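Notes to accompany the following structure.
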Amino acid sequence: MAISKTTLLRALRSTTPRHTPSHPLRQAFHSSPRYAIIKSFPLADIGEGITECQLIQWFVQPGARVQQFDKLCEVQSDKASVEITSPYEGVVTKLWYEPDEMAVTGRSLVDMDVDEDDVAGGGGGGGEVKVERAASVDVEGGRGDSDQKREGRRSNGKQDHSSLATPAVRHLTKELKVSITDVQGTGKDGRVLKEDVHRHVQSQQNPPSTSSPQPAASQPRPTSSNRTDRTVPLSPIQTQMFRAMTRSLAIPHFLYTTTVDITSLTALRQKLNNTTKTPLDNSSEIKLTQLPFILKAVSLSLNHHPLLNASLSTPQSTSSSTGEKPELTYHTSHNFGIAIDTPTGLLVPVIRDIQDLTILEIASQLLHLSHHARSGTLSPSDFSGATFTVSNIGNIGGLVVAPVISAPQVAILGIGRSRVVPAFADAKEGGGLGLVRREEVVFSWSADHRVVDGAECARAAERVRGLLEEVGGMVVGMR
């Protein structure tokens, strides 16, 4: 049967769609699998031979997303408080320590979910485990499930600042059996202070009452049956002090005391503090005390007696077969460790190159170190490299002290409390038998008698006394 050309054309038109779709067909694409890396971030070595730190607080919690250099936690070594920052951008998956626990250097501190691309270049240390993420992505701008979950976790990770406190305060709460989260902190960022803990305990013992007060005789007195002894571990600062003082037991101390007349120095200080204009910017906030003058006088004295600014290196073994002998290192820089009493214990940060500083610059650095020491924000580098130590115990009280040398240093100076005493006038004060008002302070020196003889220590001490009693001599000796 023959089919005409017209019939064939009609059949073809009936099979062709009359309208094309209004939008193009969507095509699904398949991407290669993305991987996340669970990165284990260890506690890095923060220097000074520190092998463990007490974890004070976490700034993040599992599920929190952090950026690079965001704060992760705060740790307290035996010398300073340090904030640990994140080396990556990612999501926190695990915290390896609880607050108050001791974190070991080199061991895992926190695990983080990090993009593979972020660590492709290596670095950061720690182990890693690859985890496959979402395999398909919508080409029209859709997001994978893992990205949506990450976005939902951005608001997590904020810590209640009521738990911020130094180790000494945390030990106090344990001794008094108080939960630190119940204490209202009045310090910076809600940090809990010792005063806050005592105030909280007092409020618990003496709750407010509208009833008439009971006579004191009705209050039960504490008896031996309800008193219990407490055993607590040493704080990090106490641990460092224990180690340092144990080493110092091997040092034979030579002690020397001298009384210094600081009457003229006090008059000079008062005149300078009343001066409206000073050489440095913002120095009007700095009130000159005795200590900057004393440190400068000691530095000038050490130029003539460098042995007291040396350090002694002793062999680890006393066996003669090792061939090692003790050695003295004479330091050209006068780096003075300054003992500062803080709420967490005694800290000894360092002022460097005092021989090159003016008295006003020394006062400025003292103010800076004192502020950071009491707020717990000193870094480990602030404690390293001391060649001589000065302890100003007179701020608390007492006249004479027997300071303990901190090895490998060979000398230390302890400063007592200044006091006004009556004295007979000497030739420069008019002579005669009249009495004059004199301000005095006792300097107590200790030297390592293995390498420093008594005469050398005495000559250095007397030179310091002369410089402070005749302040003009200090000006002549300054560079």
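The way I read the labels, and the way they are meant: chains A, B, ... in the order of the structure tokens, residue 1 as the first residue of every chain, and ligand 1 as the first ligand shown, with later ones counted on from there.
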Inset, instruction - Any chance you could list, as a ChimeraX atom specification, the residues in stretch 229-420 of chain A that come up alpha helix (DSSP H) when DSSP is run on the backbone? - result: /A:236-248,263-273,290-302,359-375
Inset, instruction - With a distance cut-off of 7 Å and only C-alpha atoms, select the neighbouring residues of A:Pro408, excluding the residue or stretch itself and same-chain residues fewer than 4 positions from it, and output the selection as JSON, numbers by chain. - result: {"A": [311, 312, 313]}
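You can rank A:Thr263, A:Arg227, A:Leu360, A:Tyr88 by their closest distance to A:Pro422 using only C-alpha atoms, and at the top of that list sits A:Thr263.
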Using only C-alpha atoms, find each residue of stretch 248-348 of chain A with at least one atom at most 10 Å away from an atom of stretch 234-244 of chain A; report its shortest atom-to-atom pair and that distance in Å (one decimal), sort the rows by chain and rising residue number, and return the result as a Markdown table.
```
| residue | atom | partner | partner_atom | distance |
| --- | --- | --- | --- | --- |
| A:Ser248 | CA | A:Ala244 | CA | 6.3 |
| A:Leu249 | CA | A:Ala244 | CA | 9.0 |
| A:Thr344 | CA | A:Ile237 | CA | 7.5 |
| A:Gly345 | CA | A:Ile237 | CA | 6.6 |
| A:Leu346 | CA | A:Ile237 | CA | 7.6 |
| A:Leu347 | CA | A:Ile237 | CA | 8.0 |
```
Atoms kept (C-alpha atoms) for selection, written as a JSON list (two decimals), in the first residue's frame:
```json
[["chain", "number", "residue", "atom", "x", "y", "z"],
["A", 248, "SER", "CA", 68.51, 26.58, 97.62],
["A", 249, "LEU", "CA", 69.14, 24.36, 100.67],
["A", 344, "THR", "CA", 47.85, 33.61, 94.29],
["A", 345, "GLY", "CA", 51.24, 33.71, 96.00],
["A", 346, "LEU", "CA", 54.72, 35.17, 95.53],
["A", 347, "LEU", "CA", 55.68, 35.99, 91.94]]
```
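Taking only C-alpha atoms into account, A:Pro99 lies nearest to A:Gln54 out of the set A:Gln54, A:Gln204, A:Ser301, A:Gln67.
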Legend entry - Interatomic distance (Å, one decimal) between atom CA of A:Leu43 and atom CA of A:Ser77: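 Spanning atom CA of A:Leu43 to atom CA of A:Ser77 is a straight-line distance of 12.0 Å.
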Inset, instruction - Would you please work out which residue, of A:Ile396, A:Val66, A:Cys73, A:Leu435, is nearest to A:Thr93 when using only C-alpha atoms? - result: A:Val66
Quick one: DSSP strand (DSSP E or B) residues in stretch 298-354 of chain A, as an mmCIF file with C-alpha atoms, in the first residue's frame?
```cif
data_model
loop_
_atom_site.group_PDB
_atom_site.id
_atom_site.type_symbol
_atom_site.label_atom_id
_atom_site.label_comp_id
_atom_site.auth_asym_id
_atom_site.auth_seq_id
_atom_site.Cartn_x
_atom_site.Cartn_y
_atom_site.Cartn_z
ATOM 1 C CA ALA A 310 76.875 36.365 88.089
ATOM 2 C CA SER A 311 75.283 32.915 87.945
ATOM 3 C CA LEU A 312 76.855 29.689 89.163
ATOM 4 C CA SER A 313 76.667 26.534 87.065
ATOM 5 C CA GLU A 327 81.574 27.667 86.305
ATOM 6 C CA LEU A 328 80.687 31.317 86.871
ATOM 7 C CA THR A 329 78.964 33.369 84.184
ATOM 8 C CA TYR A 330 79.340 37.144 84.542
ATOM 9 C CA PHE A 336 66.478 42.103 88.339
ATOM 10 C CA GLY A 337 63.783 39.762 89.587
ATOM 11 C CA ILE A 338 61.298 41.732 91.714
ATOM 12 C CA ALA A 339 59.365 39.733 94.321
ATOM 13 C CA ILE A 340 55.668 40.732 94.254
ATOM 14 C CA ASP A 341 53.046 39.519 96.710
ATOM 15 C CA THR A 342 49.824 38.553 94.861
ATOM 16 C CA GLY A 345 51.238 33.710 96.001
ATOM 17 C CA LEU A 346 54.715 35.165 95.532
ATOM 18 C CA LEU A 347 55.682 35.985 91.940
ATOM 19 C CA VAL A 350 61.946 40.446 85.760
ATOM 20 C CA ILE A 351 62.890 44.009 84.804
#
```
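Distances to A:Arg247 were evaluated for A:Gly190, A:Val404, A:Ile262, A:Thr289 using only C-alpha atoms, and the minimum falls at A:Val404.
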Inset, instruction - Would you work out the distance separating atom CA of A:Leu467 from atom CA of A:Thr358, expressed in Å to one decimal? - result: 15.3 Å
Legend entry - Distance query stretch 251-261 of chain A at most 7 Å, only C-alpha atoms, self and fewer than 6 positions along chain excluded, as a list in words: Arg438, Glu439, Glu440, Val441, Val442, Phe443, Ser444, Trp445, Ser446, Ala447, Asp448, His449, Arg450, Gly454, Ala458, Arg465 and Glu469 of chain A
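In this model, the gap between atom CA of A:Gln270 and atom CA of A:Ile359 comes to 14.5 Å.
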Inset, instruction - Would you please work out which residue, of A:Ile405, A:Ala373, A:Val436, A:Val197, is nearest to A:Lys174 when using only C-alpha atoms? - result: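 Of A:Ile405, A:Ala373, A:Val436, A:Val197, the one nearest A:Lys174 is A:Val197, counting only C-alpha atoms.
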Inset, instruction - Compile the contact shell of A:Asn395 as a ChimeraX atom specification: residues with an atom at most 12 Å away, counting only C-alpha atoms, same-chain residues fewer than 2 positions apart removed. - result: /A:289-291,339-341,391-393,397-399,414-419,441
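Using only C-alpha atoms, the residues found no farther than 10 Å from A:Leu302, other than those of its own chain fewer than 4 positions away, are Lys296, Ala297, Val298, Pro306, Leu307, Leu308, Asn309, Ala310, Thr332, His334, Gln355, Phe388, Ala460, Ala461, Arg463 and Val464 of chain A.
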Selection: 8 Å around A:Val104, only C-alpha atoms, excl. self and same-chain fewer than 2 positions, as a tab-separated table (two decimals) with N, CA, C and O atoms, in the first residue's frame:
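Okay, part-v3.tsv is ready:
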```
chain	number	residue	atom	x	y	z
A	43	LEU	N	48.64	20.39	74.13
A	43	LEU	CA	49.12	21.52	74.92
A	43	LEU	C	50.59	21.75	74.58
A	43	LEU	O	51.43	20.88	74.83
A	51	THR	N	56.22	21.27	82.52
A	51	THR	CA	55.71	20.02	81.97
A	51	THR	C	54.22	19.83	82.16
A	51	THR	O	53.63	18.96	81.53
A	52	GLU	N	53.60	20.61	83.03
A	52	GLU	CA	52.16	20.49	83.24
A	52	GLU	C	51.60	21.83	83.71
A	52	GLU	O	52.32	22.65	84.28
A	53	CYS	N	50.33	22.04	83.43
A	53	CYS	CA	49.64	23.27	83.81
A	53	CYS	C	48.27	22.93	84.36
A	53	CYS	O	47.68	21.91	83.98
A	102	MET	N	45.08	18.90	85.92
A	102	MET	CA	46.42	19.22	85.45
A	102	MET	C	46.59	18.69	84.02
A	102	MET	O	46.46	17.49	83.77
A	106	GLY	N	52.24	18.41	75.69
A	106	GLY	CA	52.41	17.46	74.61
A	106	GLY	C	51.25	16.50	74.44
A	106	GLY	O	51.17	15.80	73.43
A	107	ARG	N	50.33	16.45	75.41
A	107	ARG	CA	49.16	15.57	75.29
A	107	ARG	C	47.96	16.35	74.80
A	107	ARG	O	47.91	17.58	74.89
```
